[in-house]
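Next up, work27.cif (mmCIF, N, CA and C atoms):
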```cif
data_entry
#
loop_
_atom_site.label_atom_id
_atom_site.label_comp_id
_atom_site.auth_asym_id
_atom_site.auth_seq_id
_atom_site.Cartn_x
_atom_site.Cartn_y
_atom_site.Cartn_z
N MET A 1 0.86 -1.18 0.00
CA MET A 1 0.00 0.00 0.00
C MET A 1 0.90 1.24 0.00
N SER A 2 0.52 2.24 -0.74
CA SER A 2 1.34 3.45 -0.82
C SER A 2 1.21 4.27 0.46
N GLU A 3 2.12 5.22 0.60
CA GLU A 3 2.05 6.08 1.78
C GLU A 3 0.91 7.09 1.67
N GLU A 4 0.38 7.25 0.46
CA GLU A 4 -0.71 8.19 0.26
C GLU A 4 -2.01 7.71 0.89
N VAL A 5 -2.28 6.41 0.78
CA VAL A 5 -3.50 5.85 1.36
C VAL A 5 -3.15 4.63 2.20
N MET A 6 -4.02 4.36 3.16
CA MET A 6 -3.85 3.19 4.02
C MET A 6 -5.16 2.42 4.07
N THR A 7 -5.06 1.11 4.19
CA THR A 7 -6.25 0.28 4.35
C THR A 7 -6.74 0.41 5.79
N ILE A 8 -7.91 -0.14 6.02
CA ILE A 8 -8.47 -0.10 7.37
C ILE A 8 -7.56 -0.85 8.35
N ARG A 9 -6.99 -1.97 7.91
CA ARG A 9 -6.09 -2.74 8.78
C ARG A 9 -4.84 -1.94 9.11
N GLU A 10 -4.27 -1.26 8.12
CA GLU A 10 -3.08 -0.44 8.35
C GLU A 10 -3.40 0.70 9.32
N MET A 11 -4.57 1.29 9.18
CA MET A 11 -4.99 2.36 10.10
C MET A 11 -5.12 1.81 11.52
N CYS A 12 -5.74 0.64 11.63
CA CYS A 12 -5.92 0.03 12.95
C CYS A 12 -4.56 -0.22 13.60
N ASP A 13 -3.63 -0.75 12.83
CA ASP A 13 -2.30 -1.03 13.36
C ASP A 13 -1.56 0.25 13.72
N ALA A 14 -1.67 1.26 12.88
CA ALA A 14 -0.93 2.51 13.09
C ALA A 14 -1.45 3.30 14.29
N PHE A 15 -2.77 3.23 14.53
CA PHE A 15 -3.37 4.06 15.57
C PHE A 15 -3.91 3.26 16.75
N ASP A 16 -3.70 1.95 16.73
CA ASP A 16 -4.16 1.08 17.82
C ASP A 16 -5.66 1.26 18.08
N VAL A 17 -6.44 1.19 17.01
CA VAL A 17 -7.89 1.26 17.10
C VAL A 17 -8.47 0.04 16.38
N THR A 18 -9.75 -0.19 16.55
CA THR A 18 -10.41 -1.32 15.90
C THR A 18 -11.08 -0.85 14.60
N PRO A 19 -11.36 -1.79 13.70
CA PRO A 19 -12.12 -1.42 12.51
C PRO A 19 -13.47 -0.80 12.87
N ARG A 20 -14.05 -1.31 13.92
CA ARG A 20 -15.35 -0.77 14.36
C ARG A 20 -15.23 0.71 14.72
N THR A 21 -14.13 1.08 15.37
CA THR A 21 -13.89 2.48 15.73
C THR A 21 -13.82 3.34 14.48
N LEU A 22 -13.07 2.88 13.49
CA LEU A 22 -12.93 3.65 12.26
C LEU A 22 -14.27 3.78 11.53
N ARG A 23 -15.02 2.69 11.49
CA ARG A 23 -16.35 2.75 10.84
C ARG A 23 -17.28 3.68 11.61
N PHE A 24 -17.17 3.67 12.94
CA PHE A 24 -17.99 4.57 13.75
C PHE A 24 -17.68 6.02 13.43
N TYR A 25 -16.39 6.38 13.40
CA TYR A 25 -16.02 7.76 13.08
C TYR A 25 -16.42 8.13 11.66
N GLU A 26 -16.39 7.16 10.77
CA GLU A 26 -16.86 7.41 9.41
C GLU A 26 -18.37 7.67 9.42
N SER A 27 -19.11 6.88 10.18
CA SER A 27 -20.58 7.06 10.23
C SER A 27 -20.96 8.40 10.86
N LYS A 28 -20.10 8.92 11.73
CA LYS A 28 -20.34 10.22 12.36
C LYS A 28 -19.78 11.37 11.51
N GLU A 29 -19.30 11.01 10.31
CA GLU A 29 -18.76 11.99 9.36
C GLU A 29 -17.58 12.77 9.92
N LEU A 30 -16.73 12.04 10.64
CA LEU A 30 -15.48 12.61 11.12
C LEU A 30 -14.31 12.18 10.23
N LEU A 31 -14.46 11.02 9.60
CA LEU A 31 -13.48 10.51 8.64
C LEU A 31 -14.19 10.28 7.31
N PHE A 32 -13.43 10.44 6.23
CA PHE A 32 -14.01 10.31 4.89
C PHE A 32 -13.12 9.46 3.99
N PRO A 33 -13.02 8.16 4.28
CA PRO A 33 -12.16 7.32 3.45
C PRO A 33 -12.71 7.19 2.03
N ILE A 34 -11.79 6.91 1.12
CA ILE A 34 -12.17 6.62 -0.26
C ILE A 34 -12.77 5.22 -0.26
N ARG A 35 -13.90 5.05 -0.90
CA ARG A 35 -14.54 3.73 -0.96
C ARG A 35 -14.29 3.12 -2.32
N GLU A 36 -13.75 1.92 -2.31
CA GLU A 36 -13.59 1.12 -3.52
C GLU A 36 -14.29 -0.20 -3.26
N GLY A 37 -15.56 -0.27 -3.59
CA GLY A 37 -16.37 -1.45 -3.25
C GLY A 37 -16.51 -1.51 -1.75
N GLN A 38 -16.11 -2.64 -1.17
CA GLN A 38 -16.15 -2.80 0.28
C GLN A 38 -14.90 -2.24 0.95
N LYS A 39 -13.92 -1.89 0.16
CA LYS A 39 -12.62 -1.45 0.67
C LYS A 39 -12.66 0.03 1.04
N ARG A 40 -12.04 0.35 2.16
CA ARG A 40 -11.90 1.74 2.59
C ARG A 40 -10.42 2.10 2.52
N LEU A 41 -10.12 3.22 1.88
CA LEU A 41 -8.75 3.71 1.79
C LEU A 41 -8.69 5.07 2.47
N PHE A 42 -7.82 5.17 3.46
CA PHE A 42 -7.71 6.38 4.26
C PHE A 42 -6.54 7.23 3.77
N THR A 43 -6.82 8.50 3.58
CA THR A 43 -5.82 9.45 3.07
C THR A 43 -5.03 10.08 4.21
N ARG A 44 -4.05 10.88 3.84
CA ARG A 44 -3.29 11.64 4.84
C ARG A 44 -4.22 12.51 5.68
N ARG A 45 -5.19 13.10 5.00
CA ARG A 45 -6.16 13.95 5.71
C ARG A 45 -6.91 13.13 6.77
N ASP A 46 -7.33 11.92 6.41
CA ASP A 46 -8.01 11.05 7.37
C ASP A 46 -7.09 10.72 8.55
N ARG A 47 -5.83 10.45 8.25
CA ARG A 47 -4.88 10.12 9.32
C ARG A 47 -4.71 11.31 10.27
N ALA A 48 -4.60 12.51 9.71
CA ALA A 48 -4.45 13.70 10.55
C ALA A 48 -5.71 13.91 11.39
N ARG A 49 -6.86 13.73 10.76
CA ARG A 49 -8.12 13.89 11.49
C ARG A 49 -8.25 12.86 12.60
N LEU A 50 -7.87 11.59 12.31
CA LEU A 50 -7.96 10.55 13.34
C LEU A 50 -7.04 10.88 14.51
N LYS A 51 -5.88 11.36 14.22
CA LYS A 51 -4.95 11.73 15.29
C LYS A 51 -5.57 12.80 16.19
N LEU A 52 -6.22 13.79 15.58
CA LEU A 52 -6.87 14.85 16.36
C LEU A 52 -8.10 14.31 17.11
N ILE A 53 -8.85 13.42 16.48
CA ILE A 53 -10.02 12.82 17.14
C ILE A 53 -9.58 12.07 18.39
N LEU A 54 -8.55 11.24 18.24
CA LEU A 54 -8.09 10.44 19.38
C LEU A 54 -7.53 11.32 20.49
N ARG A 55 -6.84 12.37 20.12
CA ARG A 55 -6.32 13.30 21.13
C ARG A 55 -7.48 14.00 21.84
N GLY A 56 -8.46 14.44 21.06
CA GLY A 56 -9.62 15.09 21.66
C GLY A 56 -10.37 14.17 22.60
N LYS A 57 -10.55 12.90 22.20
CA LYS A 57 -11.23 11.94 23.07
C LYS A 57 -10.43 11.71 24.34
N ARG A 58 -9.12 11.64 24.20
CA ARG A 58 -8.26 11.44 25.38
C ARG A 58 -8.45 12.57 26.39
N PHE A 59 -8.66 13.78 25.87
CA PHE A 59 -8.86 14.94 26.74
C PHE A 59 -10.30 15.08 27.19
N GLY A 60 -11.17 14.20 26.71
CA GLY A 60 -12.56 14.24 27.14
C GLY A 60 -13.46 15.16 26.33
N PHE A 61 -13.00 15.60 25.16
CA PHE A 61 -13.85 16.43 24.31
C PHE A 61 -14.99 15.57 23.77
N SER A 62 -16.15 16.16 23.61
CA SER A 62 -17.26 15.44 23.01
C SER A 62 -17.01 15.28 21.51
N LEU A 63 -17.66 14.31 20.90
CA LEU A 63 -17.52 14.14 19.45
C LEU A 63 -18.03 15.37 18.71
N GLU A 64 -19.04 16.01 19.25
CA GLU A 64 -19.56 17.22 18.59
C GLU A 64 -18.53 18.35 18.66
N ASP A 65 -17.87 18.51 19.80
CA ASP A 65 -16.80 19.51 19.89
C ASP A 65 -15.70 19.20 18.88
N ILE A 66 -15.32 17.94 18.80
CA ILE A 66 -14.26 17.53 17.87
C ILE A 66 -14.68 17.82 16.44
N ARG A 67 -15.91 17.48 16.09
CA ARG A 67 -16.41 17.73 14.74
C ARG A 67 -16.35 19.21 14.40
N GLN A 68 -16.82 20.04 15.30
CA GLN A 68 -16.82 21.48 15.04
C GLN A 68 -15.40 22.02 14.87
N LEU A 69 -14.49 21.53 15.68
CA LEU A 69 -13.10 21.98 15.57
C LEU A 69 -12.49 21.52 14.25
N LEU A 70 -12.74 20.28 13.86
CA LEU A 70 -12.22 19.77 12.59
C LEU A 70 -12.81 20.53 11.41
N ASP A 71 -14.09 20.86 11.49
CA ASP A 71 -14.75 21.58 10.39
C ASP A 71 -14.19 22.98 10.20
N MET A 72 -13.62 23.56 11.24
CA MET A 72 -13.07 24.91 11.15
C MET A 72 -11.74 24.96 10.39
N TYR A 73 -11.14 23.80 10.15
CA TYR A 73 -9.83 23.75 9.51
C TYR A 73 -9.83 24.46 8.15
N SER A 74 -10.89 24.31 7.40
CA SER A 74 -10.93 24.83 6.03
C SER A 74 -11.56 26.21 5.92
N MET A 75 -11.56 26.98 6.97
CA MET A 75 -12.20 28.30 6.93
C MET A 75 -11.40 29.34 6.16
N GLY A 76 -10.14 29.06 5.89
CA GLY A 76 -9.37 29.97 5.07
C GLY A 76 -8.66 31.08 5.83
N ASP A 77 -8.63 31.01 7.13
CA ASP A 77 -7.94 32.05 7.92
C ASP A 77 -6.69 31.49 8.58
N GLN A 78 -6.05 30.55 7.91
CA GLN A 78 -4.83 29.90 8.39
C GLN A 78 -5.04 29.25 9.76
N GLN A 79 -6.21 28.72 9.94
CA GLN A 79 -6.60 27.98 11.14
C GLN A 79 -6.66 28.83 12.41
N LYS A 80 -6.70 30.15 12.29
CA LYS A 80 -6.79 31.01 13.49
C LYS A 80 -8.09 30.78 14.22
N THR A 81 -9.20 30.69 13.48
CA THR A 81 -10.49 30.44 14.12
C THR A 81 -10.49 29.08 14.80
N GLN A 82 -9.95 28.09 14.11
CA GLN A 82 -9.88 26.74 14.67
C GLN A 82 -9.05 26.73 15.94
N LEU A 83 -7.91 27.38 15.92
CA LEU A 83 -7.04 27.42 17.09
C LEU A 83 -7.70 28.15 18.25
N ALA A 84 -8.33 29.29 17.96
CA ALA A 84 -8.99 30.06 19.02
C ALA A 84 -10.11 29.24 19.67
N GLU A 85 -10.89 28.56 18.85
CA GLU A 85 -11.98 27.75 19.38
C GLU A 85 -11.44 26.53 20.14
N THR A 86 -10.37 25.94 19.62
CA THR A 86 -9.74 24.80 20.30
C THR A 86 -9.27 25.22 21.68
N LEU A 87 -8.66 26.38 21.77
CA LEU A 87 -8.20 26.88 23.07
C LEU A 87 -9.37 27.09 24.02
N LYS A 88 -10.47 27.62 23.50
CA LYS A 88 -11.65 27.84 24.33
C LYS A 88 -12.20 26.51 24.86
N VAL A 89 -12.32 25.53 23.99
CA VAL A 89 -12.83 24.22 24.40
C VAL A 89 -11.85 23.56 25.37
N ALA A 90 -10.56 23.68 25.08
CA ALA A 90 -9.54 23.07 25.94
C ALA A 90 -9.55 23.69 27.33
N ARG A 91 -9.68 24.99 27.41
CA ARG A 91 -9.73 25.65 28.73
C ARG A 91 -10.95 25.21 29.52
N ARG A 92 -12.09 25.12 28.82
CA ARG A 92 -13.33 24.68 29.49
C ARG A 92 -13.15 23.24 29.99
N ARG A 93 -12.57 22.38 29.17
CA ARG A 93 -12.37 20.98 29.56
C ARG A 93 -11.39 20.87 30.72
N LYS A 94 -10.33 21.70 30.70
CA LYS A 94 -9.35 21.68 31.79
C LYS A 94 -10.02 22.08 33.11
N GLU A 95 -10.90 23.06 33.06
CA GLU A 95 -11.63 23.46 34.28
C GLU A 95 -12.47 22.30 34.79
N GLU A 96 -13.16 21.60 33.89
CA GLU A 96 -13.97 20.45 34.28
C GLU A 96 -13.09 19.35 34.90
N MET A 97 -11.96 19.08 34.27
CA MET A 97 -11.06 18.04 34.77
C MET A 97 -10.49 18.41 36.13
N THR A 98 -10.15 19.67 36.32
CA THR A 98 -9.63 20.14 37.61
C THR A 98 -10.68 19.98 38.70
N ARG A 99 -11.93 20.34 38.38
CA ARG A 99 -13.02 20.17 39.34
C ARG A 99 -13.21 18.70 39.68
N GLN A 100 -13.18 17.84 38.65
CA GLN A 100 -13.33 16.40 38.89
C GLN A 100 -12.19 15.86 39.74
N ARG A 101 -10.96 16.34 39.47
CA ARG A 101 -9.80 15.90 40.26
C ARG A 101 -9.98 16.31 41.71
N ASP A 102 -10.44 17.53 41.94
CA ASP A 102 -10.64 18.00 43.31
C ASP A 102 -11.71 17.17 44.02
N GLU A 103 -12.81 16.88 43.32
CA GLU A 103 -13.87 16.05 43.90
C GLU A 103 -13.36 14.65 44.19
N LEU A 104 -12.57 14.11 43.29
CA LEU A 104 -12.00 12.78 43.49
C LEU A 104 -11.04 12.79 44.68
N GLY A 105 -10.25 13.83 44.82
CA GLY A 105 -9.35 13.95 45.97
C GLY A 105 -10.11 13.96 47.28
N GLU A 106 -11.23 14.69 47.31
CA GLU A 106 -12.06 14.72 48.51
C GLU A 106 -12.65 13.34 48.81
N ALA A 107 -13.13 12.66 47.77
CA ALA A 107 -13.72 11.33 47.95
C ALA A 107 -12.66 10.34 48.45
N ILE A 108 -11.45 10.43 47.91
CA ILE A 108 -10.37 9.54 48.34
C ILE A 108 -10.03 9.80 49.81
N ALA A 109 -9.97 11.07 50.20
CA ALA A 109 -9.66 11.40 51.59
C ALA A 109 -10.75 10.87 52.53
N GLU A 110 -12.02 11.02 52.14
CA GLU A 110 -13.12 10.51 52.96
C GLU A 110 -13.06 8.98 53.06
N LEU A 111 -12.76 8.33 51.95
CA LEU A 111 -12.65 6.87 51.96
C LEU A 111 -11.50 6.42 52.85
N GLN A 112 -10.39 7.13 52.80
CA GLN A 112 -9.24 6.80 53.65
C GLN A 112 -9.62 6.93 55.12
N GLU A 113 -10.38 7.98 55.45
CA GLU A 113 -10.84 8.14 56.83
C GLU A 113 -11.71 6.96 57.26
N GLN A 114 -12.58 6.50 56.37
CA GLN A 114 -13.44 5.36 56.69
C GLN A 114 -12.63 4.08 56.87
N ILE A 115 -11.62 3.90 56.03
CA ILE A 115 -10.75 2.73 56.15
C ILE A 115 -10.02 2.76 57.49
N GLU A 116 -9.48 3.91 57.85
CA GLU A 116 -8.75 4.04 59.11
C GLU A 116 -9.69 3.82 60.29
N TRP A 117 -10.90 4.34 60.21
CA TRP A 117 -11.90 4.13 61.27
C TRP A 117 -12.18 2.63 61.42
N GLY A 118 -12.40 1.98 60.27
CA GLY A 118 -12.69 0.53 60.31
C GLY A 118 -11.53 -0.26 60.89
N GLU A 119 -10.33 0.11 60.53
CA GLU A 119 -9.15 -0.59 61.07
C GLU A 119 -9.04 -0.39 62.57
N ARG A 120 -9.32 0.86 63.03
CA ARG A 120 -9.28 1.12 64.48
C ARG A 120 -10.35 0.32 65.20
N GLU A 121 -11.53 0.25 64.61
CA GLU A 121 -12.63 -0.51 65.21
C GLU A 121 -12.25 -1.99 65.34
N LEU A 122 -11.70 -2.54 64.28
CA LEU A 122 -11.31 -3.95 64.32
C LEU A 122 -10.19 -4.20 65.32
N ALA A 123 -9.23 -3.29 65.36
CA ALA A 123 -8.09 -3.46 66.27
C ALA A 123 -8.56 -3.34 67.72
N GLY A 124 -9.59 -2.57 67.98
CA GLY A 124 -10.05 -2.37 69.34
C GLY A 124 -11.06 -3.41 69.80
N GLN A 125 -11.53 -4.27 68.92
CA GLN A 125 -12.51 -5.28 69.30
C GLN A 125 -11.87 -6.37 70.13
N ASN A 126 -12.61 -6.81 71.11
CA ASN A 126 -12.18 -7.94 71.94
C ASN A 126 -12.57 -9.22 71.20
N PRO A 127 -11.65 -10.13 70.93
CA PRO A 127 -11.98 -11.36 70.22
C PRO A 127 -13.10 -12.16 70.85
N GLU A 128 -13.20 -12.10 72.18
CA GLU A 128 -14.26 -12.86 72.86
C GLU A 128 -15.63 -12.25 72.59
N SER A 129 -15.71 -10.90 72.47
CA SER A 129 -17.01 -10.28 72.27
C SER A 129 -17.52 -10.51 70.85
N SER A 130 -16.64 -10.74 69.90
CA SER A 130 -17.11 -10.98 68.54
C SER A 130 -17.61 -12.41 68.35
N ALA A 131 -17.26 -13.31 69.29
CA ALA A 131 -17.72 -14.69 69.19
C ALA A 131 -19.14 -14.85 69.71
N ALA A 132 -19.63 -13.87 70.44
CA ALA A 132 -20.96 -13.98 71.05
C ALA A 132 -22.08 -13.84 70.09
#
```
Can I see the file as structure tokens?
Amino acid sequence: MSEEVMTIREMCDAFDVTPRTLRFYESKELLFPIREGQKRLFTRRDRARLKLILRGKRFGFSLEDIRQLLDMYSMGDQQKTQLAETLKVARRRKEEMTRQRDELGEAIAELQEQIEWGERELAGQNPESSAA
């Protein structure tokens, strides 16, 4: 296969995704492979888009956010609009992630307190009283 296009198997191997994932992104109109019968051939543009999709998913962006950001690429302003919007979405997502991290930290601390309480309770129990 040439470097210009890749088969679905080559894409799966290169990006560590399943064929189902690629077909899903195609059905959501995020990827646009060339169709030759049942065969799908992915272009450089598809590879670049998949890389951005996977990065966006890793950061927790919604598919709709990703779609909108990808669609801005061809606006003709040297991607300034796309970059500005990406920064806006990224900042919003970072705030959400920071809030989630803080909430998770609080939950972990509370759970640790419960574990320590339980350990103290068990250590303080008289073996004879638990047999009753």
Grab the CA of Ile115 in chain A to CA of Met97 in chain A distance for me, in Å with one decimal place.
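Answer for the CA of Ile115 in chain A to CA of Met97 in chain A separation: 26.3 Å.
Distance-wise, atom N of Val5 in chain A and atom N of Phe42 in chain A end up 6.3 Å apart.
Among the candidates A:Lys39, A:Arg47, A:Lys28, A:Arg23, the one nearest to Thr7 in chain A when counting only C-alpha atoms is A:Lys39.
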Could you give me, as a list in words, the residues within 8 Å of range 50-59 of chain A, counting only C-alpha atoms and dropping anything in the same chain fewer than 5 positions from it?
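Near range 50-59 of chain A, the qualifying residues are Phe15, Leu31, Ile66 and Arg93 of chain A.
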Expansion of the PyMOL selection byres (((chain A and resi 33 and name CA) around 7) and name CA) into residues, as a ChimeraX atom specification:
/A:31-32,34-35,40-43,46
How would you write, as a PyMOL selection string, the set of residues in chain A that DSSP gives as alpha helix (DSSP H)?
chain A and resi 8-15+19-27+44-58+63-71+80-124+127-130
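Atom N of Arg49 in chain A is found 18.2 Å from atom C of Ala84 in chain A.
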Where in range 16-117 of chain A does DSSP assign strand (DSSP E or B), given as a ChimeraX atom specification?
/A:34-36,39-43
A:Gly60, A:Glu95, A:Leu69, A:Ile108 ranked by distance to Leu83 in chain A, top pick (using only N, CA and C atoms):
A:Leu69
Fewer than 6 positions away in the same chain doesn't count, so skip those; otherwise give me all residues within 12 Å of Gln68 in chain A, counting only C-alpha atoms, as a PyMOL selection string.
chain A and resi 29-30+53+56+61-62+74-75+81-83+85-86+89
Excluding Thr18 in chain A and its own-chain neighbours fewer than 6 positions away, which residues fall within 9 Å of it when counting only C-alpha atoms? Please give them as a PyMOL selection string.
chain A and resi 8-9+11-12
